[in-house]
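Notes follow the structure.
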Amino acid sequence: MRTDAALTNEHGPLLLQIARSAISNKLGQAVALPEPSSQAADVLQAAGASFVTLNQQGQLRGCIGSLQAHRPLMVDIQANAIAAALHDPRFAPLRLVELEITTVEVSVLSAMQPMPFSSEADALAQLRPGVDGVVFEFGRYRSTFLPQVWEQLPNARQFMAHLKHKAGLAPDFWAAEVRLQRYTVAKFKEVEGAS
């Protein structure tokens, strides 16, 4: 079963509660999870890959995730929520006092799809702004952007340049050995200020 395809909007609040409670519990504020329905429990136990993104007043505060499904979706969300809160190297660890002003977003990834292309122009022409998440790989260099990044970088060339820069390469870098994969996400986000 593809976990992302089995998700509906009704799963969103539960996935967000799983992420938020994992962070709360790790920060010392015990929070119990509601009992999921049997259908939701099946989805949560299936292998799934997720990213958890934390924002404060519209600004990124942490984002960590898995590109491949290698553990039950519930475990993946919990682990990535804690990692986004405490181990994103771009930010200081989240403090409990910040949690009430932090908005949680959970993205569940589809399976990766390799992209065949003949040139960078060909690759750029295939990208679907607002739809595709992209994994860029060249040797030991690797990076990804979730589809949500298109909101800040709506131009495919700009999106790719920033993706290469994130990998540690020059924005205008290209080589025949570059590999690209794409994926989509089922995205669920808390309403800001509603936590």
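Identifiers in this document derive from the order of the structure tokens: chains are assigned A, B, ..., residues are numbered from 1 separately in each chain, and ligands are numbered from 1 in order of occurrence.
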Contacts of range 23-128 of chain A with range 170-174 of chain A up to 12 Å, shortest pair per row, only C-alpha atoms, as CSV:
residue,atom,partner,partner_atom,distance
A:Ser118,CA,A:Trp174,CA,11.7
A:Ser119,CA,A:Trp174,CA,8.7
A:Glu120,CA,A:Trp174,CA,7.1
A:Ala121,CA,A:Trp174,CA,10.5
A:Ala123,CA,A:Trp174,CA,11.2
Name all residues at most 12 Å from Met112 in chain A (count only C-alpha atoms; drop same-chain ones fewer than 5 positions away) and give them as a list in words.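 My reading of the contact set: Arg2, Asp4, Ala49, Ser66, Leu67, Gln68, Ala69, Asp132, Gly133, Val134, Val135, Phe136, Thr144, Leu180, Gln181, Arg182, Tyr183, Thr184 and Val185 of chain A.
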Export of prior selection with C-alpha atoms as an mmCIF file, in the first residue's frame:
data_model
loop_
_atom_site.group_PDB
_atom_site.id
_atom_site.type_symbol
_atom_site.label_atom_id
_atom_site.label_comp_id
_atom_site.auth_asym_id
_atom_site.auth_seq_id
_atom_site.Cartn_x
_atom_site.Cartn_y
_atom_site.Cartn_z
ATOM 1 C CA ARG A 2 1.314 3.443 -0.906
ATOM 2 C CA ASP A 4 0.570 8.808 0.675
ATOM 3 C CA ALA A 49 8.371 8.582 4.476
ATOM 4 C CA SER A 66 12.955 10.840 5.348
ATOM 5 C CA LEU A 67 13.154 10.397 1.593
ATOM 6 C CA GLN A 68 12.523 6.639 1.644
ATOM 7 C CA ALA A 69 9.895 4.674 3.556
ATOM 8 C CA ASP A 132 7.088 18.111 -7.638
ATOM 9 C CA GLY A 133 9.481 17.674 -4.790
ATOM 10 C CA VAL A 134 12.947 17.101 -6.231
ATOM 11 C CA VAL A 135 16.030 15.179 -5.101
ATOM 12 C CA PHE A 136 19.269 16.391 -6.729
ATOM 13 C CA THR A 144 15.991 17.996 -1.778
ATOM 14 C CA LEU A 180 17.220 13.753 -10.394
ATOM 15 C CA GLN A 181 14.232 12.098 -8.754
ATOM 16 C CA ARG A 182 10.836 13.582 -8.120
ATOM 17 C CA TYR A 183 8.023 12.893 -5.688
ATOM 18 C CA THR A 184 4.750 14.406 -4.543
ATOM 19 C CA VAL A 185 3.440 14.918 -1.012
#
Nearest candidate to Val97 in chain A (options A:Pro116, A:Gly28, A:Gly130, A:Pro13; using only C-alpha atoms): A:Gly28
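The nearest approach to Gly62 in chain A among the residues A:Leu15, A:Ala41, A:Ile77, A:Ala84, with only C-alpha atoms taken into account, belongs to A:Ala84.
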So that I can check the surroundings of Thr53 in chain A, please list as a PyMOL selection string every protein, DNA and RNA residue that reaches within 8 Å of it, counting only C-alpha atoms and ignoring chain neighbours fewer than 3 positions away. chain A and resi 60-64+81+84+104-106
Among range 94-169 of chain A, which ones does DSSP place in strand (DSSP E), written as a VMD selection string? chain A and resid 103 to 109 113 to 114 133 to 138 141 to 145
With only C-alpha atoms as the counted atoms, please give the residues lying no more than 6 Å from range 161-167 of chain A, apart from itself and same-chain residues fewer than 2 positions off, as number ranges by chain. A: 141-143, 158-159, 169-171
Please, could you write that set of residues out with N, CA, C and O atoms as a tab-separated table (two decimals), in the first residue's frame?
chain	number	residue	atom	x	y	z
A	141	TYR	N	27.23	14.80	-3.41
A	141	TYR	CA	26.37	15.97	-3.20
A	141	TYR	C	24.91	15.56	-3.37
A	141	TYR	O	24.55	14.94	-4.36
A	142	ARG	N	24.09	15.96	-2.41
A	142	ARG	CA	22.67	15.58	-2.47
A	142	ARG	C	21.84	16.63	-1.72
A	142	ARG	O	22.24	17.12	-0.67
A	143	SER	N	20.68	16.93	-2.26
A	143	SER	CA	19.75	17.84	-1.58
A	143	SER	C	18.35	17.57	-2.09
A	143	SER	O	18.15	16.92	-3.11
A	158	GLN	N	15.34	28.95	-11.17
A	158	GLN	CA	15.69	29.46	-9.84
A	158	GLN	C	15.59	28.34	-8.79
A	158	GLN	O	16.46	28.20	-7.93
A	159	PHE	N	14.54	27.54	-8.88
A	159	PHE	CA	14.33	26.41	-7.97
A	159	PHE	C	15.54	25.47	-8.04
A	159	PHE	O	16.11	25.07	-7.02
A	169	LEU	N	26.89	22.97	-4.19
A	169	LEU	CA	27.46	23.20	-5.51
A	169	LEU	C	27.11	24.62	-5.99
A	169	LEU	O	26.21	25.26	-5.45
A	170	ALA	N	27.80	25.06	-7.02
A	170	ALA	CA	27.51	26.38	-7.59
A	170	ALA	C	26.12	26.35	-8.23
A	170	ALA	O	25.72	25.33	-8.80
A	171	PRO	N	25.37	27.46	-8.14
A	171	PRO	CA	24.02	27.50	-8.70
A	171	PRO	C	23.97	27.20	-10.20
A	171	PRO	O	22.96	26.71	-10.70
Those in range 5-181 of chain A with alpha helix (DSSP H) from DSSP, as a count of residues only: 58
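For the choices A:Glu100, A:Glu10, A:Glu137, A:Asp88, the atom-to-atom distance to Val52 in chain A is smallest for A:Asp88 when using only C-alpha atoms.
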Can you tell me how far CA of Pro154 in chain A sits from CA of Val131 in chain A, in Å to one decimal? 11.0 Å
Could you tell me how far CA of Arg157 in chain A lies from CA of Leu127 in chain A, in Å and to one decimal? 9.8 Å
Using only C-alpha atoms, pick whichever of A:Gly48, A:Arg95, A:His87, A:Phe138 has the shortest atom-to-atom distance to Ser110 in chain A.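 The answer is A:Gly48, which sits nearest to Ser110 in chain A.
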